[in-house]
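What follows is my_file-v4.cif (mmCIF, C-alpha atoms).
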```cif
data_my_file
loop_
_atom_site.label_atom_id
_atom_site.label_comp_id
_atom_site.auth_asym_id
_atom_site.auth_seq_id
_atom_site.Cartn_x
_atom_site.Cartn_y
_atom_site.Cartn_z
CA MET A 28 -88.34 24.55 -45.29
CA SER A 29 -88.65 28.34 -45.65
CA GLU A 30 -91.61 28.16 -43.34
CA LEU A 31 -89.37 27.24 -40.42
CA ARG A 32 -88.70 29.94 -37.85
CA LYS A 33 -86.55 29.80 -34.74
CA LYS A 34 -88.09 30.18 -31.32
CA THR A 35 -86.57 29.86 -27.88
CA PHE A 36 -88.32 27.71 -25.31
CA VAL A 37 -87.50 28.29 -21.67
CA VAL A 38 -88.47 25.03 -20.02
CA THR A 39 -88.61 24.33 -16.29
CA ARG A 40 -86.37 21.42 -15.34
CA PHE A 41 -86.40 19.49 -12.08
CA ASP A 42 -84.73 16.19 -11.37
CA PRO A 43 -85.72 14.98 -7.88
CA ASP A 44 -82.49 12.95 -7.66
CA LYS A 45 -80.22 15.92 -8.37
CA ASP A 46 -81.97 19.26 -7.94
CA GLN A 47 -83.00 20.95 -4.73
CA VAL A 48 -85.20 23.42 -6.61
CA PRO A 49 -86.42 23.65 -10.21
CA LYS A 50 -84.29 25.52 -12.74
CA THR A 51 -84.85 26.57 -16.33
CA GLN A 52 -83.20 25.44 -19.52
CA SER A 53 -83.46 27.19 -22.88
CA TYR A 54 -83.81 25.43 -26.22
CA GLU A 55 -83.71 27.26 -29.54
CA ILE A 56 -85.44 25.15 -32.15
CA PRO A 57 -86.95 25.59 -35.63
CA VAL A 58 -90.75 25.61 -35.51
CA ARG A 59 -93.42 25.46 -38.19
CA PRO A 60 -96.18 28.08 -38.25
CA ASP A 61 -98.91 25.49 -37.70
CA TRP A 62 -97.30 23.91 -34.66
CA LYS A 63 -98.89 23.76 -31.26
CA VAL A 64 -96.83 24.20 -28.09
CA LEU A 65 -96.89 20.43 -27.58
CA ASP A 66 -95.32 19.90 -31.02
CA ALA A 67 -92.38 22.03 -29.95
CA LEU A 68 -92.01 20.12 -26.69
CA ASN A 69 -92.09 16.82 -28.53
CA TYR A 70 -89.49 18.13 -30.97
CA ILE A 71 -87.24 19.08 -28.06
CA LYS A 72 -87.67 15.65 -26.49
CA ASP A 73 -87.21 13.74 -29.76
CA GLU A 74 -84.44 15.77 -31.38
CA VAL A 75 -82.64 17.88 -28.79
CA ASP A 76 -82.87 16.60 -25.23
CA SER A 77 -84.49 13.27 -24.48
CA THR A 78 -84.37 13.89 -20.72
CA VAL A 79 -87.16 16.48 -20.84
CA SER A 80 -90.26 14.98 -19.19
CA HIS A 81 -93.82 16.01 -19.98
CA ARG A 82 -97.23 14.36 -20.13
CA TRP A 83 -99.38 14.16 -23.21
CA SER A 84 -101.62 11.67 -24.96
CA CYS A 85 -104.51 12.41 -27.33
CA ARG A 86 -103.30 15.62 -29.06
CA MET A 87 -106.90 16.77 -29.52
CA ALA A 88 -107.86 18.50 -26.25
CA VAL A 89 -109.80 15.55 -24.91
CA CYS A 90 -107.57 13.60 -22.53
CA GLY A 91 -106.52 16.58 -20.40
CA SER A 92 -102.95 15.30 -19.95
CA CYS A 93 -100.89 18.08 -21.46
CA GLY A 94 -101.84 21.02 -19.24
CA MET A 95 -98.87 23.32 -18.53
CA MET A 96 -98.16 26.97 -17.86
CA VAL A 97 -97.37 28.72 -21.14
CA ASN A 98 -96.01 32.21 -20.55
CA GLY A 99 -97.64 32.08 -17.12
CA GLU A 100 -101.13 31.00 -18.26
CA PRO A 101 -102.52 27.50 -17.77
CA LYS A 102 -103.00 26.00 -21.23
CA LEU A 103 -103.62 22.69 -22.92
CA THR A 104 -100.41 22.59 -24.93
CA CYS A 105 -101.92 20.41 -27.65
CA SER A 106 -104.44 23.09 -28.55
CA THR A 107 -102.33 26.19 -27.97
CA ALA A 108 -100.96 27.62 -31.19
CA LEU A 109 -97.31 28.65 -31.14
CA SER A 110 -98.14 31.46 -33.56
CA ASP A 111 -99.90 33.25 -30.68
CA TYR A 112 -96.55 33.73 -28.95
CA GLY A 113 -93.40 35.68 -29.64
CA ASP A 114 -89.86 34.44 -30.08
CA VAL A 115 -89.49 33.33 -26.48
CA VAL A 116 -91.99 30.92 -24.92
CA GLU A 117 -91.79 29.96 -21.24
CA ILE A 118 -93.13 26.54 -20.36
CA GLU A 119 -93.59 25.60 -16.70
CA PRO A 120 -95.40 22.80 -14.91
CA LEU A 121 -98.97 23.55 -13.81
CA ALA A 122 -98.97 26.09 -11.01
CA ASN A 123 -100.21 25.18 -7.52
CA PHE A 124 -99.15 21.52 -7.88
CA PRO A 125 -96.07 19.79 -6.47
CA VAL A 126 -93.68 18.90 -9.29
CA ILE A 127 -92.47 15.33 -9.75
CA ARG A 128 -90.10 16.01 -12.62
CA ASP A 129 -89.66 18.82 -15.16
CA LEU A 130 -93.20 19.52 -16.43
CA VAL A 131 -94.87 16.58 -14.70
CA VAL A 132 -96.97 17.38 -11.63
CA GLU A 133 -98.19 15.24 -8.74
CA LEU A 134 -101.83 14.23 -9.33
CA ASP A 135 -102.64 12.29 -6.17
CA GLY A 136 -103.79 15.36 -4.25
CA PHE A 137 -106.22 16.15 -7.05
CA MET A 138 -107.48 12.57 -7.17
CA GLU A 139 -108.19 12.64 -3.42
CA LYS A 140 -110.30 15.78 -3.78
CA PHE A 141 -111.95 14.31 -6.85
CA LYS A 142 -113.00 11.11 -5.06
CA SER A 143 -114.23 12.98 -1.99
CA VAL A 144 -117.22 14.40 -3.90
CA LYS A 145 -118.34 10.90 -4.95
CA PRO A 146 -118.44 11.61 -8.68
CA TRP A 147 -120.84 8.85 -9.57
CA ILE A 148 -124.59 8.38 -9.38
CA LEU A 149 -125.70 7.56 -5.85
CA ARG A 150 -129.05 5.86 -5.36
CA ALA A 151 -130.79 5.02 -2.10
CA LYS A 152 -131.97 1.84 -3.82
CA GLU A 153 -130.97 0.70 -7.29
CA LYS A 154 -133.75 -0.26 -9.67
CA ALA A 155 -133.92 -3.90 -10.63
CA PRO A 156 -132.75 -4.46 -14.23
CA GLU A 157 -136.22 -5.61 -15.27
CA GLU A 158 -137.60 -2.20 -14.25
CA GLY A 159 -135.70 -0.68 -17.16
CA THR A 160 -133.29 2.23 -17.48
CA TYR A 161 -133.50 5.55 -15.71
CA ARG A 162 -135.30 8.08 -17.89
CA GLN A 163 -134.14 11.66 -18.25
CA SER A 164 -135.68 14.47 -20.23
CA PRO A 165 -133.57 16.86 -22.36
CA GLU A 166 -134.44 19.62 -19.90
CA GLU A 167 -133.13 17.53 -16.99
CA LEU A 168 -129.96 16.84 -18.97
CA ASP A 169 -129.48 20.55 -19.62
CA ALA A 170 -129.31 21.19 -15.87
CA PHE A 171 -125.89 19.52 -15.63
CA LYS A 172 -124.58 18.72 -19.11
CA GLN A 173 -122.23 21.70 -19.22
CA PHE A 174 -120.51 20.53 -16.03
CA SER A 175 -120.05 17.00 -17.34
CA MET A 176 -117.80 18.24 -20.16
CA CYS A 177 -114.82 18.53 -17.76
CA ILE A 178 -111.75 16.61 -18.95
CA ASN A 179 -109.89 16.90 -15.61
CA CYS A 180 -107.03 18.82 -17.17
CA MET A 181 -106.56 20.74 -13.89
CA LEU A 182 -105.96 24.09 -15.60
CA CYS A 183 -108.60 25.50 -13.28
CA TYR A 184 -106.54 24.45 -10.24
CA ALA A 185 -103.48 26.14 -11.69
CA ALA A 186 -105.46 29.36 -12.22
CA CYS A 187 -107.27 29.49 -8.89
CA PRO A 188 -105.85 31.97 -6.34
CA VAL A 189 -107.65 30.12 -3.53
CA VAL A 190 -106.09 26.75 -4.39
CA ALA A 191 -102.70 28.47 -4.09
CA GLN A 192 -103.42 29.46 -0.49
CA GLU A 193 -105.96 26.97 0.93
CA PRO A 194 -104.71 23.38 0.75
CA ASP A 195 -108.05 21.98 1.96
CA PHE A 196 -110.14 23.71 -0.71
CA LEU A 197 -111.87 21.16 -2.95
CA GLY A 198 -111.06 23.29 -5.95
CA PRO A 199 -112.94 24.03 -9.15
CA ALA A 200 -113.06 20.73 -11.05
CA ALA A 201 -113.97 18.52 -8.08
CA ALA A 202 -116.64 20.93 -6.90
CA ALA A 203 -118.03 21.26 -10.43
CA LEU A 204 -118.19 17.51 -10.81
CA GLY A 205 -119.89 17.07 -7.44
CA HIS A 206 -122.41 19.71 -8.44
CA ARG A 207 -122.88 17.98 -11.79
CA TYR A 208 -124.09 14.83 -9.98
CA ASN A 209 -126.19 16.84 -7.53
CA MET A 210 -128.04 18.32 -10.52
CA ASP A 211 -128.53 14.92 -12.17
CA SER A 212 -132.18 13.87 -11.90
CA ARG A 213 -131.11 10.22 -11.53
CA ASP A 214 -128.95 10.92 -8.48
CA GLU A 215 -130.01 10.84 -4.83
CA GLY A 216 -126.70 11.68 -3.17
CA ALA A 217 -126.96 15.47 -2.95
CA ALA A 218 -127.18 15.46 0.86
CA GLU A 219 -123.94 13.46 1.12
CA ARG A 220 -122.10 15.71 -1.31
CA ASN A 221 -123.45 18.86 0.28
CA GLU A 222 -121.89 17.72 3.55
CA VAL A 223 -118.56 17.52 1.72
CA PHE A 224 -119.23 20.95 0.20
CA ARG A 225 -119.83 22.37 3.69
CA GLY A 226 -116.95 20.40 5.26
CA ASP A 227 -113.21 21.04 5.53
CA GLY A 228 -112.75 21.69 1.83
CA THR A 229 -115.83 23.84 1.73
CA VAL A 230 -116.90 25.47 -1.50
CA PHE A 231 -117.36 28.63 0.56
CA HIS A 232 -113.59 29.18 0.37
CA CYS A 233 -114.21 30.20 -3.25
CA SER A 234 -114.01 33.97 -3.63
CA TYR A 235 -115.47 33.92 -7.16
CA ALA A 236 -112.33 35.19 -8.81
CA ASN A 237 -113.68 33.44 -11.93
CA GLU A 238 -110.17 32.56 -13.11
CA CYS A 239 -111.09 28.86 -13.36
CA SER A 240 -113.78 29.64 -15.91
CA GLU A 241 -111.52 32.00 -17.83
CA VAL A 242 -108.91 29.28 -18.44
CA CYS A 243 -111.21 26.27 -18.87
CA PRO A 244 -110.56 24.85 -22.37
CA LYS A 245 -113.98 23.15 -22.51
CA ASN A 246 -116.16 26.06 -21.30
CA VAL A 247 -117.32 24.07 -18.29
CA ASP A 248 -117.53 27.24 -16.18
CA PRO A 249 -116.50 25.74 -12.83
CA ALA A 250 -117.02 29.12 -11.10
CA ALA A 251 -120.71 28.91 -11.97
CA ALA A 252 -120.88 25.36 -10.64
CA ILE A 253 -119.18 26.25 -7.35
CA ASN A 254 -121.40 29.23 -6.74
CA GLN A 255 -124.51 27.27 -7.61
CA ALA A 256 -123.28 24.57 -5.24
CA LYS A 257 -122.88 27.17 -2.48
CA LEU A 258 -126.50 28.21 -2.80
CA LEU A 259 -127.82 24.65 -2.95
CA ALA A 260 -125.65 23.60 0.02
CA VAL A 261 -127.20 26.42 2.07
CA VAL A 262 -130.72 25.52 0.92
CA ASP A 263 -130.02 21.87 1.78
CA TRP A 264 -128.70 22.85 5.23
CA ALA A 265 -131.66 25.14 5.97
CA THR A 266 -134.16 22.60 4.68
CA SER A 267 -132.77 19.96 7.01
CA PHE A 268 -133.99 22.02 9.99
CA VAL A 269 -137.56 22.44 8.82
CA VAL A 270 -138.27 19.35 6.73
CA PRO A 271 -137.41 15.85 7.95
CA ARG A 272 -134.64 14.17 5.93
CA GLY A 273 -134.07 17.36 3.98
CA GLY A 274 -137.39 17.00 2.22
CA LYS A 275 -136.51 13.58 0.76
CA LYS A 276 -139.31 11.00 0.75
CA MET B 28 -90.96 35.06 -11.64
CA ALA B 29 -93.24 32.51 -10.02
CA GLN B 30 -93.84 32.81 -6.29
CA PRO B 31 -94.21 29.92 -3.84
CA ALA B 32 -97.79 28.77 -3.27
CA HIS B 33 -98.86 27.25 0.04
CA PRO B 34 -96.38 24.35 0.56
CA GLN B 35 -99.27 21.91 1.04
CA ALA B 36 -101.26 23.10 -2.00
CA MET B 37 -102.55 20.07 -3.96
CA THR B 38 -100.31 17.68 -2.04
CA PRO B 39 -101.70 14.21 -1.32
CA SER B 40 -102.49 13.30 2.28
CA ARG B 41 -99.71 10.69 2.14
CA PRO B 42 -96.55 11.76 0.35
CA GLY B 43 -95.46 9.60 -2.57
CA ARG B 44 -92.11 7.87 -2.89
CA THR B 45 -90.65 10.52 -5.15
CA ARG B 46 -89.41 13.80 -3.73
CA THR B 47 -91.31 16.68 -5.27
CA ALA B 48 -90.60 20.36 -5.82
CA PRO B 49 -92.99 22.63 -3.91
CA PRO B 50 -95.96 24.16 -5.73
CA MET B 51 -95.55 27.62 -7.24
CA LYS B 52 -98.13 30.30 -7.99
CA PRO B 53 -98.28 31.71 -11.52
CA GLY B 54 -95.62 34.39 -11.81
CA ASN B 55 -97.68 36.64 -14.04
CA TRP B 56 -100.64 37.11 -11.70
CA PRO B 57 -99.72 40.65 -10.62
CA SER B 58 -99.47 41.75 -14.25
CA SER B 59 -102.62 40.03 -15.48
CA ALA B 60 -105.49 42.44 -16.23
CA ARG B 61 -108.06 39.89 -15.04
CA TYR B 62 -106.23 39.34 -11.81
CA ARG B 63 -105.78 43.07 -11.19
CA THR B 64 -109.52 43.48 -11.62
CA TYR B 65 -110.08 40.76 -9.05
CA LEU B 66 -107.63 42.41 -6.64
CA ALA B 67 -109.37 45.76 -7.15
CA PHE B 68 -112.66 44.03 -6.35
CA ASP B 69 -111.17 42.66 -3.13
CA PHE B 70 -109.63 46.04 -2.31
CA THR B 71 -113.07 47.67 -2.30
CA GLY B 72 -113.65 45.80 0.98
CA LEU B 73 -111.30 48.31 2.63
CA VAL B 74 -113.30 51.20 1.16
CA TYR B 75 -116.51 49.74 2.60
CA LEU B 76 -114.86 49.22 5.98
CA ILE B 77 -113.91 52.91 6.13
CA ALA B 78 -117.35 53.88 4.81
CA GLY B 79 -118.83 51.83 7.67
CA PHE B 80 -116.94 53.94 10.19
CA VAL B 81 -118.20 57.10 8.47
CA VAL B 82 -121.77 55.80 8.77
CA LEU B 83 -121.19 55.06 12.47
CA ARG B 84 -119.90 58.59 12.93
CA ALA B 85 -122.98 59.93 11.15
CA ALA B 86 -125.29 57.85 13.36
CA TRP B 87 -123.46 59.11 16.45
CA ALA B 88 -123.81 62.74 15.28
CA PHE B 89 -127.49 62.18 14.46
CA GLY B 90 -128.11 61.02 18.02
CA SER B 91 -126.13 63.90 19.51
CA GLY B 92 -128.44 66.68 18.37
CA PRO B 93 -128.89 69.17 15.51
CA GLU B 94 -125.60 70.98 16.13
CA ALA B 95 -123.54 67.81 15.88
CA TRP B 96 -125.46 66.84 12.74
CA SER B 97 -124.83 70.23 11.13
CA ALA B 98 -121.15 70.01 12.01
CA LEU B 99 -120.99 66.57 10.41
CA LEU B 100 -122.63 67.83 7.21
CA ALA B 101 -120.20 70.75 7.14
CA SER B 102 -117.25 68.38 7.53
CA PHE B 103 -118.51 66.36 4.56
CA ALA B 104 -117.75 69.38 2.37
CA HIS B 105 -114.04 68.90 3.06
CA PRO B 106 -112.15 67.83 -0.08
CA VAL B 107 -110.87 64.67 1.62
CA TYR B 108 -114.43 63.56 2.38
CA LEU B 109 -115.56 64.48 -1.13
CA ALA B 110 -112.73 62.43 -2.61
CA PHE B 111 -113.50 59.50 -0.32
CA HIS B 112 -117.18 59.55 -1.22
CA LEU B 113 -116.28 59.65 -4.89
CA VAL B 114 -114.03 56.59 -4.40
CA THR B 115 -116.87 54.88 -2.51
CA LEU B 116 -119.33 55.62 -5.31
CA LEU B 117 -116.93 54.27 -7.94
CA SER B 118 -116.33 51.18 -5.78
CA VAL B 119 -120.05 50.53 -5.47
CA ILE B 120 -120.55 50.88 -9.22
CA PHE B 121 -117.54 48.64 -9.94
CA VAL B 122 -118.66 45.93 -7.51
CA GLY B 123 -122.27 46.23 -8.64
CA VAL B 124 -121.39 45.78 -12.30
CA ARG B 125 -119.06 42.84 -11.53
CA PHE B 126 -121.63 41.24 -9.23
CA PHE B 127 -124.45 41.67 -11.74
CA ARG B 128 -122.27 40.11 -14.45
CA LEU B 129 -121.48 37.03 -12.35
CA PHE B 130 -124.74 36.66 -10.41
CA PRO B 131 -126.93 35.14 -13.17
CA LYS B 132 -124.64 32.18 -13.80
CA ALA B 133 -124.47 31.46 -10.06
CA GLN B 134 -128.17 30.56 -10.12
CA PRO B 135 -128.78 26.80 -10.28
CA ALA B 136 -130.89 25.49 -13.14
CA ARG B 137 -133.48 24.68 -10.50
CA ILE B 138 -133.96 24.76 -6.74
CA GLY B 139 -136.51 22.02 -6.11
CA PRO B 140 -139.42 22.87 -8.39
CA ALA B 141 -138.36 26.52 -8.77
CA LYS B 142 -136.40 27.71 -11.80
CA PRO B 143 -134.70 31.11 -12.12
CA PRO B 144 -135.69 33.35 -15.03
CA PRO B 145 -133.50 33.34 -18.16
CA ARG B 146 -130.05 34.82 -17.52
CA PRO B 147 -130.45 37.93 -19.72
CA LEU B 148 -133.72 38.73 -17.95
CA LEU B 149 -132.10 38.21 -14.56
CA HIS B 150 -129.16 40.40 -15.59
CA ALA B 151 -131.46 43.18 -16.79
CA GLY B 152 -133.66 42.80 -13.71
CA LEU B 153 -130.70 43.47 -11.42
CA TYR B 154 -129.98 46.76 -13.19
CA VAL B 155 -133.66 47.74 -13.11
CA ALA B 156 -133.81 46.97 -9.38
CA TRP B 157 -130.59 48.95 -8.81
CA ALA B 158 -131.90 51.94 -10.72
CA GLY B 159 -135.24 51.72 -8.88
CA VAL B 160 -133.66 51.63 -5.43
CA THR B 161 -131.29 54.48 -6.37
CA LEU B 162 -134.16 56.65 -7.60
CA LEU B 163 -136.18 55.88 -4.46
CA LEU B 164 -133.26 56.82 -2.21
CA VAL B 165 -132.67 60.05 -4.14
CA ALA B 166 -136.37 60.86 -3.88
CA VAL B 167 -136.43 60.21 -0.13
CA LEU B 168 -133.19 62.07 0.59
CA GLY B 169 -134.21 64.93 -1.71
CA GLY B 170 -137.49 65.34 0.16
CA ILE B 171 -139.60 64.50 -2.90
CA VAL B 172 -141.03 61.47 -1.12
CA PRO B 173 -141.82 62.22 2.52
#
```

Structure rendered as structure tokens:
Amino acid sequence: MSELRKKTFVVTRFDPDKDQVPKTQSYEIPVRPDWKVLDALNYIKDEVDSTVSHRWSCRMAVCGSCGMMVNGEPKLTCSTALSDYGDVVEIEPLANFPVIRDLVVELDGFMEKFKSVKPWILRAKEKAPEEGTYRQSPEELDAFKQFSMCINCMLCYAACPVVAQEPDFLGPAAAALGHRYNMDSRDEGAAERNEVFRGDGTVFHCSYANECSEVCPKNVDPAAAINQAKLLAVVDWATSFVVPRGGKK
Amino acid sequence: MAQPAHPQAMTPSRPGRTRTAPPMKPGNWPSSARYRTYLAFDFTGLVYLIAGFVVLRAAWAFGSGPEAWSALLASFAHPVYLAFHLVTLLSVIFVGVRFFRLFPKAQPARIGPAKPPPRPLLHAGLYVAWAGVTLLLVAVLGGIVP
């Protein structure tokens, strides 16, 4: 038990039935040196205050549920070591999102942006099953694989200064996922997605602050995806003037 | 202390049944080194705007005859102009280095059949091109190249 050390957690609290605005509540608890931030939150919920609400699931940085602001930085709390912080740790809900309760944010706005880029393979005509599977070379896979590693944790949205100011902006993860499918050799929906990229939520709102890539826990590099998407959206637009059907056969 | 974000940031098009607290921006942005660098990058836009007016003034003087041009060159020796041009030079270097760092990864893996060169090569190529253009400009302005 000598390994235990006390730390204070300043947690944002918001009860939509009682509070007009969020407030903070401090909890001083014993923590172990190997704990992650999520372990401390779970301790608070299990042992100190069962009314604290937060999302989590896999505990191994795969599900993307436990994203929160830790000392002002968007982090996956299940993979953020408490030993990296001092005696006081501030935990807030993800920035730039409406808050439903305590550390739980509203996801529907994200899901709308997500669906708008049609994150699935679009084909003009599906192959018949007897024609076999779609083939893809390792080189073709390399063109988009990095962008398919996104776990939709939304840390990039919490870090993006444009998301904070431009409600229509598609945002990093949705744009990266749309670009991921545009780069997929099996997909034929780039023209449709590029219209979304040039539309109301245009990727051209992105000012390349690069914050999304700095905080991404899976090294997806959404800033690269968005800026690649900008270039391809322009090429697609210009091509549509000089080549019928944007060069598609 | 977190600041309010746009009240509609990341809100769904149809509000849910539960009342929500408005979105907040990260409170530590102003103190973050990364974010300060980004703000400095944006701030250089003001420097270029002023530099644009200086170029317009130079073009006007150039078209107004040798006396006006000489007067302009003499005014450039003023400490305020020297300081401004130093700030402009530092801004250009800062933006150039940041742009060159980020440019390679903004290149798609392919555009149709075309593929960009490897990122390190692209990165180095940008610096070589920058140095080449700078040397050419110095040579032209110094009268070495007619």

**OP:** Name the residues captured by the PyMOL selection byres ((chain A and resi 69-79) around 10) when it is applied to the shown file; answer as number ranges by chain.
**Re:** A: 36, 38-42, 52, 54-58, 64-68, 80-81, 83, 128-131

**OP:** Would you translate the PyMOL selection byres ((chain B) within 8 of (chain A)) into the concrete set of residues it matches in this file, as a ChimeraX atom specification?
**Re:** /B:32-33,35-40,45-56,61-62,65,132-138

Any chance you could resolve the PyMOL selection byres ((chain A and resi 60) around 7) against this file and give the residues as a short mmCIF file (atom, residue, chain, number, x, y, z; two decimals) with C-alpha atoms, keeping the file's coordinate frame?
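Writing done, so here's selection_8.cif:
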```
data_model
loop_
_atom_site.label_atom_id
_atom_site.label_comp_id
_atom_site.auth_asym_id
_atom_site.auth_seq_id
_atom_site.Cartn_x
_atom_site.Cartn_y
_atom_site.Cartn_z
CA GLU A 30 -91.61 28.16 -43.34
CA VAL A 58 -90.75 25.61 -35.51
CA ARG A 59 -93.42 25.46 -38.19
CA ASP A 61 -98.91 25.49 -37.70
CA TRP A 62 -97.30 23.91 -34.66
CA SER A 110 -98.14 31.46 -33.56
#
```

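Rounded to one decimal, atom CA of Arg41 of chain B and atom CA of Tyr208 of chain A lie 27.5 Å from each other.
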
Subject >> Selection near segment 94-100 of chain B, 12 Å with all atoms listed in the file, sequence-local residues under 4 positions removed, as an MDAnalysis selection string >> reply: chainID B and resid 81:90 104:105 108:109

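The space separating atom CA of Lys50 of chain A from atom CA of Val37 of chain A comes to 9.9 Å.
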
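Pairwise distance (atom CA of Ile171 of chain B, atom CA of Val122 of chain B) equals 28.4 Å.
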
Subject >> Distance query Trp157 of chain B at most 10 Å, all atoms listed in the file, self and fewer than 6 positions along chain excluded, as a ChimeraX atom specification >> reply: /B:123,127,151,163

Take the residues that were just selected and, keeping C-alpha atoms, output them as a PDB file, in the coordinates of the input.
```pdb
ATOM      1  CA  GLY B 123    -122.270  46.230  -8.640  1.00  0.00           C
ATOM      2  CA  PHE B 127    -124.450  41.670 -11.740  1.00  0.00           C
ATOM      3  CA  ALA B 151    -131.460  43.180 -16.790  1.00  0.00           C
ATOM      4  CA  LEU B 163    -136.180  55.880  -4.460  1.00  0.00           C
TER       5      LEU B 163
END
```

**OP:** For Lys142 of chain A, please output as a ChimeraX atom specification all residues within 12 Å (counting only C-alpha atoms; exclusion window: fewer than 6 positions along the same chain).
**Re:** /A:135-136,197,200-202,204-205,220,223

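Counting all atoms listed in the file, Val114 of chain B has the following residues at most 12 Å away, ignoring those fewer than 3 positions along the same chain: Phe70, Thr71, Leu73, Val74, Tyr75, Ile77, Ala78, Val107, Tyr108, Leu109, Ala110, Phe111, Leu117, Ser118, Val119, Ile120 and Phe121 of chain B.
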
Model the absent atoms of segment 213-225 of chain A so that N, CA and C atoms are present, and write the result as a CSV table (one decimal), keeping the file's coordinate frame.
```csv
chain,number,residue,atom,x,y,z
A,213,ARG,N,-131.2,11.6,-11.9
A,213,ARG,CA,-131.1,10.2,-11.5
A,213,ARG,C,-130.4,10.0,-10.2
A,214,ASP,N,-129.8,11.0,-9.7
A,214,ASP,CA,-129.0,10.9,-8.5
A,214,ASP,C,-129.7,11.2,-7.2
A,215,GLU,N,-129.4,10.6,-6.1
A,215,GLU,CA,-130.0,10.8,-4.8
A,215,GLU,C,-129.0,11.1,-3.7
A,216,GLY,N,-127.8,11.5,-4.1
A,216,GLY,CA,-126.7,11.7,-3.2
A,216,GLY,C,-126.4,13.1,-2.8
A,217,ALA,N,-127.3,14.1,-3.2
A,217,ALA,CA,-127.0,15.5,-3.0
A,217,ALA,C,-126.6,15.8,-1.5
A,218,ALA,N,-127.4,15.2,-0.6
A,218,ALA,CA,-127.2,15.5,0.9
A,218,ALA,C,-125.8,15.1,1.3
A,219,GLU,N,-125.3,13.9,0.8
A,219,GLU,CA,-123.9,13.5,1.1
A,219,GLU,C,-122.9,14.4,0.6
A,220,ARG,N,-123.1,14.8,-0.7
A,220,ARG,CA,-122.1,15.7,-1.3
A,220,ARG,C,-122.2,17.1,-0.7
A,221,ASN,N,-123.4,17.5,-0.3
A,221,ASN,CA,-123.4,18.9,0.3
A,221,ASN,C,-122.7,18.9,1.6
A,222,GLU,N,-122.7,17.8,2.3
A,222,GLU,CA,-121.9,17.7,3.6
A,222,GLU,C,-120.4,17.9,3.2
A,223,VAL,N,-120.0,17.3,2.1
A,223,VAL,CA,-118.6,17.5,1.7
A,223,VAL,C,-118.4,19.0,1.3
A,224,PHE,N,-119.3,19.5,0.6
A,224,PHE,CA,-119.2,21.0,0.2
A,224,PHE,C,-119.2,21.9,1.4
A,225,ARG,N,-119.8,21.5,2.5
A,225,ARG,CA,-119.8,22.4,3.7
A,225,ARG,C,-118.7,22.0,4.7
```
